[in-house]
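As provided, upload_31.pdb (PDB, C-alpha atoms, pLDDT in the B column) reads as follows.
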```
ATOM      1  CA  MET A 647      14.657  39.458   7.943  1.00 54.00           C
ATOM      2  CA  GLU A 648      15.590  38.819   4.317  1.00 66.00           C
ATOM      3  CA  LEU A 649      18.258  36.300   5.351  1.00 69.00           C
ATOM      4  CA  ILE A 650      15.728  34.268   7.318  1.00 72.00           C
ATOM      5  CA  THR A 651      13.368  34.291   4.376  1.00 84.00           C
ATOM      6  CA  SER A 652      16.152  33.110   2.080  1.00 85.00           C
ATOM      7  CA  TRP A 653      17.058  30.239   4.421  1.00 85.00           C
ATOM      8  CA  GLU A 654      13.396  29.303   4.784  1.00 89.00           C
ATOM      9  CA  LYS A 655      12.977  29.174   1.019  1.00 89.00           C
ATOM     10  CA  LYS A 656      16.089  27.034   0.659  1.00 90.00           C
ATOM     11  CA  GLY A 657      14.880  24.651   3.366  1.00 92.00           C
ATOM     12  CA  ARG A 658      11.454  24.329   1.818  1.00 92.00           C
ATOM     13  CA  GLU A 659      12.939  23.668  -1.623  1.00 94.00           C
ATOM     14  CA  GLU A 660      15.253  20.985  -0.243  1.00 96.00           C
ATOM     15  CA  GLY A 661      12.337  19.387   1.594  1.00 96.00           C
ATOM     16  CA  ARG A 662      10.188  19.418  -1.525  1.00 96.00           C
ATOM     17  CA  LYS A 663      12.947  17.816  -3.601  1.00 96.00           C
ATOM     18  CA  GLU A 664      13.506  15.110  -0.984  1.00 97.00           C
ATOM     19  CA  GLY A 665       9.770  14.394  -0.901  1.00 97.00           C
ATOM     20  CA  GLU A 666       9.662  14.076  -4.682  1.00 97.00           C
ATOM     21  CA  LYS A 667      12.650  11.716  -4.614  1.00 97.00           C
ATOM     22  CA  GLN A 668      11.008   9.527  -1.969  1.00 98.00           C
ATOM     23  CA  GLU A 669       7.826   9.354  -4.060  1.00 98.00           C
ATOM     24  CA  LYS A 670       9.831   8.256  -7.115  1.00 98.00           C
ATOM     25  CA  ILE A 671      11.497   5.558  -5.026  1.00 98.00           C
ATOM     26  CA  LYS A 672       8.111   4.359  -3.764  1.00 98.00           C
ATOM     27  CA  ILE A 673       6.759   4.202  -7.316  1.00 98.00           C
ATOM     28  CA  ALA A 674       9.846   2.324  -8.533  1.00 98.00           C
ATOM     29  CA  LYS A 675       9.522  -0.226  -5.709  1.00 98.00           C
ATOM     30  CA  ASN A 676       5.882  -0.837  -6.582  1.00 98.00           C
ATOM     31  CA  MET A 677       6.708  -1.183 -10.276  1.00 98.00           C
ATOM     32  CA  LEU A 678       9.497  -3.665  -9.486  1.00 98.00           C
ATOM     33  CA  LYS A 679       7.074  -5.740  -7.393  1.00 97.00           C
ATOM     34  CA  LYS A 680       4.737  -5.865 -10.393  1.00 98.00           C
ATOM     35  CA  GLY A 681       7.565  -7.085 -12.640  1.00 98.00           C
ATOM     36  CA  THR A 682       7.767  -3.916 -14.721  1.00 98.00           C
ATOM     37  CA  ASP A 683      10.686  -3.618 -17.136  1.00 98.00           C
ATOM     38  CA  GLU A 684      13.571  -1.745 -15.528  1.00 98.00           C
ATOM     39  CA  ALA A 685      14.174   0.487 -18.555  1.00 98.00           C
ATOM     40  CA  PHE A 686      10.535   1.571 -18.378  1.00 98.00           C
ATOM     41  CA  ILE A 687      10.830   2.310 -14.640  1.00 98.00           C
ATOM     42  CA  ILE A 688      13.876   4.489 -15.310  1.00 98.00           C
ATOM     43  CA  GLU A 689      12.063   6.300 -18.114  1.00 98.00           C
ATOM     44  CA  VAL A 690       8.930   6.938 -16.077  1.00 97.00           C
ATOM     45  CA  THR A 691      10.530   7.911 -12.758  1.00 97.00           C
ATOM     46  CA  GLY A 692      13.631   9.697 -14.002  1.00 97.00           C
ATOM     47  CA  LEU A 693      15.777   7.663 -11.616  1.00 98.00           C
ATOM     48  CA  THR A 694      19.215   6.556 -12.758  1.00 98.00           C
ATOM     49  CA  ARG A 695      20.134   2.922 -13.339  1.00 98.00           C
ATOM     50  CA  GLU A 696      22.420   3.152 -10.298  1.00 98.00           C
ATOM     51  CA  GLU A 697      19.573   4.424  -8.135  1.00 98.00           C
ATOM     52  CA  LEU A 698      17.321   1.623  -9.357  1.00 98.00           C
ATOM     53  CA  GLU A 699      20.014  -0.941  -8.529  1.00 97.00           C
ATOM     54  CA  LYS A 700      20.256   0.473  -4.999  1.00 97.00           C
ATOM     55  CA  ILE A 701      16.486   0.185  -4.649  1.00 97.00           C
ATOM     56  CA  LYS A 702      16.628  -3.438  -5.762  1.00 96.00           C
ATOM     57  CA  LYS A 703      19.342  -4.134  -3.180  1.00 94.00           C
ATOM     58  CA  GLY A 704      17.301  -2.445  -0.456  1.00 93.00           C
ATOM     59  CA  GLN A 705      19.776   0.398  -0.075  1.00 92.00           C
ATOM     60  CA  MET A 706      17.224   3.130  -0.746  1.00 88.00           C
TER      61      MET A 706
END
```
For the file at hand, write its structure as structure tokens.
Amino acid sequence: MELITSWEKKGREEGRKEGEKQEKIKIAKNMLKKGTDEAFIIEVTGLTREELEKIKKGQM
């Protein structure tokens, strides 16, 4: 029983983190569309420069 609970917790945590990441990507895309400074987008979202570049190239 404890093992199942542990796996469930891990799965929920991974799902939550993925959801947060997708929300940051969505915010960054919207900010890019508005012409927001890239350094500001990185600061606000916590994304890396590499991640932002991938977003700009449509890879995320």
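Straight-line separation from atom CA of A:Gln668 to atom CA of A:Glu654: 21.0 Å.
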- Task: Might you pull out every residue within 10 Å of A:Met706, with all atoms listed in the file counted and same-chain residues fewer than 2 positions away left off, and present them as a PyMOL selection string?
- Result: chain A and resi 668+671-672+675+697-704
Now that the selection is made, can you save its residues with C-alpha atoms as a PDB file, in the coordinates of the input?
```
ATOM      1  CA  GLN A 668      11.008   9.527  -1.969  1.00 98.00           C
ATOM      2  CA  ILE A 671      11.497   5.558  -5.026  1.00 98.00           C
ATOM      3  CA  LYS A 672       8.111   4.359  -3.764  1.00 98.00           C
ATOM      4  CA  LYS A 675       9.522  -0.226  -5.709  1.00 98.00           C
ATOM      5  CA  GLU A 697      19.573   4.424  -8.135  1.00 98.00           C
ATOM      6  CA  LEU A 698      17.321   1.623  -9.357  1.00 98.00           C
ATOM      7  CA  GLU A 699      20.014  -0.941  -8.529  1.00 97.00           C
ATOM      8  CA  LYS A 700      20.256   0.473  -4.999  1.00 97.00           C
ATOM      9  CA  ILE A 701      16.486   0.185  -4.649  1.00 97.00           C
ATOM     10  CA  LYS A 702      16.628  -3.438  -5.762  1.00 96.00           C
ATOM     11  CA  LYS A 703      19.342  -4.134  -3.180  1.00 94.00           C
ATOM     12  CA  GLY A 704      17.301  -2.445  -0.456  1.00 93.00           C
TER      13      GLY A 704
END
```
- Message: Can you measure atom CA of A:Glu666 to atom CA of A:Trp653 for me? One decimal in Å is fine.
- Response: 20.0 Å
- Task: Convert the output of the PyMOL selection byres ((chain A and resi 688) around 12) on the shown file into explicit residues, formatted as a ChimeraX atom specification.
- Result: /A:670-671,673-675,677-678,682-687,689-699,701
Can you tell me, as AutoDock Vina command-line options, the centre and edge lengths (Å, one decimal) of the axis-aligned box enclosing all of stretch 687-704 of chain A's listed atoms after padding each side by 6 Å?
```
--center_x 15.7 --center_y 2.8 --center_z -9.3 --size_x 25.5 --size_y 25.8 --size_z 29.7
```
- Task: Figure out the distance between atom CA of A:Arg662 and atom CA of A:Asn676, please, to one decimal in Å.
- Result: 21.3 Å
Please return stretch 651-670 of chain A, rebuilt to N, CA and C atoms, as a tab-separated table (two decimals), in the frame of the given file.
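What follows is the written file part.tsv:
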```tsv
chain	number	residue	atom	x	y	z
A	651	THR	N	14.24	34.67	5.47
A	651	THR	CA	13.37	34.29	4.38
A	651	THR	C	14.12	33.46	3.34
A	652	SER	N	15.34	33.85	3.04
A	652	SER	CA	16.15	33.11	2.08
A	652	SER	C	16.43	31.69	2.58
A	653	TRP	N	16.79	31.56	3.84
A	653	TRP	CA	17.06	30.24	4.42
A	653	TRP	C	15.79	29.39	4.46
A	654	GLU	N	14.67	30.02	4.77
A	654	GLU	CA	13.40	29.30	4.78
A	654	GLU	C	13.06	28.77	3.40
A	655	LYS	N	13.25	29.60	2.39
A	655	LYS	CA	12.98	29.17	1.02
A	655	LYS	C	13.87	28.01	0.63
A	656	LYS	N	15.15	28.11	0.98
A	656	LYS	CA	16.09	27.03	0.66
A	656	LYS	C	15.68	25.74	1.36
A	657	GLY	N	15.30	25.83	2.61
A	657	GLY	CA	14.88	24.65	3.37
A	657	GLY	C	13.63	24.02	2.80
A	658	ARG	N	12.69	24.84	2.42
A	658	ARG	CA	11.45	24.33	1.82
A	658	ARG	C	11.74	23.65	0.49
A	659	GLU	N	12.59	24.24	-0.32
A	659	GLU	CA	12.94	23.67	-1.62
A	659	GLU	C	13.63	22.32	-1.44
A	660	GLU	N	14.56	22.25	-0.50
A	660	GLU	CA	15.25	20.98	-0.24
A	660	GLU	C	14.27	19.93	0.25
A	661	GLY	N	13.35	20.31	1.10
A	661	GLY	CA	12.34	19.39	1.59
A	661	GLY	C	11.42	18.90	0.49
A	662	ARG	N	11.05	19.79	-0.40
A	662	ARG	CA	10.19	19.42	-1.52
A	662	ARG	C	10.90	18.43	-2.43
A	663	LYS	N	12.17	18.71	-2.73
A	663	LYS	CA	12.95	17.82	-3.60
A	663	LYS	C	13.10	16.44	-2.98
A	664	GLU	N	13.36	16.39	-1.68
A	664	GLU	CA	13.51	15.11	-0.98
A	664	GLU	C	12.19	14.34	-1.02
A	665	GLY	N	11.08	15.04	-0.83
A	665	GLY	CA	9.77	14.39	-0.90
A	665	GLY	C	9.49	13.82	-2.28
A	666	GLU	N	9.85	14.56	-3.31
A	666	GLU	CA	9.66	14.08	-4.68
A	666	GLU	C	10.52	12.84	-4.93
A	667	LYS	N	11.75	12.85	-4.44
A	667	LYS	CA	12.65	11.72	-4.61
A	667	LYS	C	12.08	10.48	-3.92
A	668	GLN	N	11.57	10.66	-2.70
A	668	GLN	CA	11.01	9.53	-1.97
A	668	GLN	C	9.78	8.96	-2.69
A	669	GLU	N	9.00	9.81	-3.30
A	669	GLU	CA	7.83	9.35	-4.06
A	669	GLU	C	8.26	8.55	-5.28
A	670	LYS	N	9.31	9.00	-5.96
A	670	LYS	CA	9.83	8.26	-7.12
A	670	LYS	C	10.34	6.88	-6.69
```
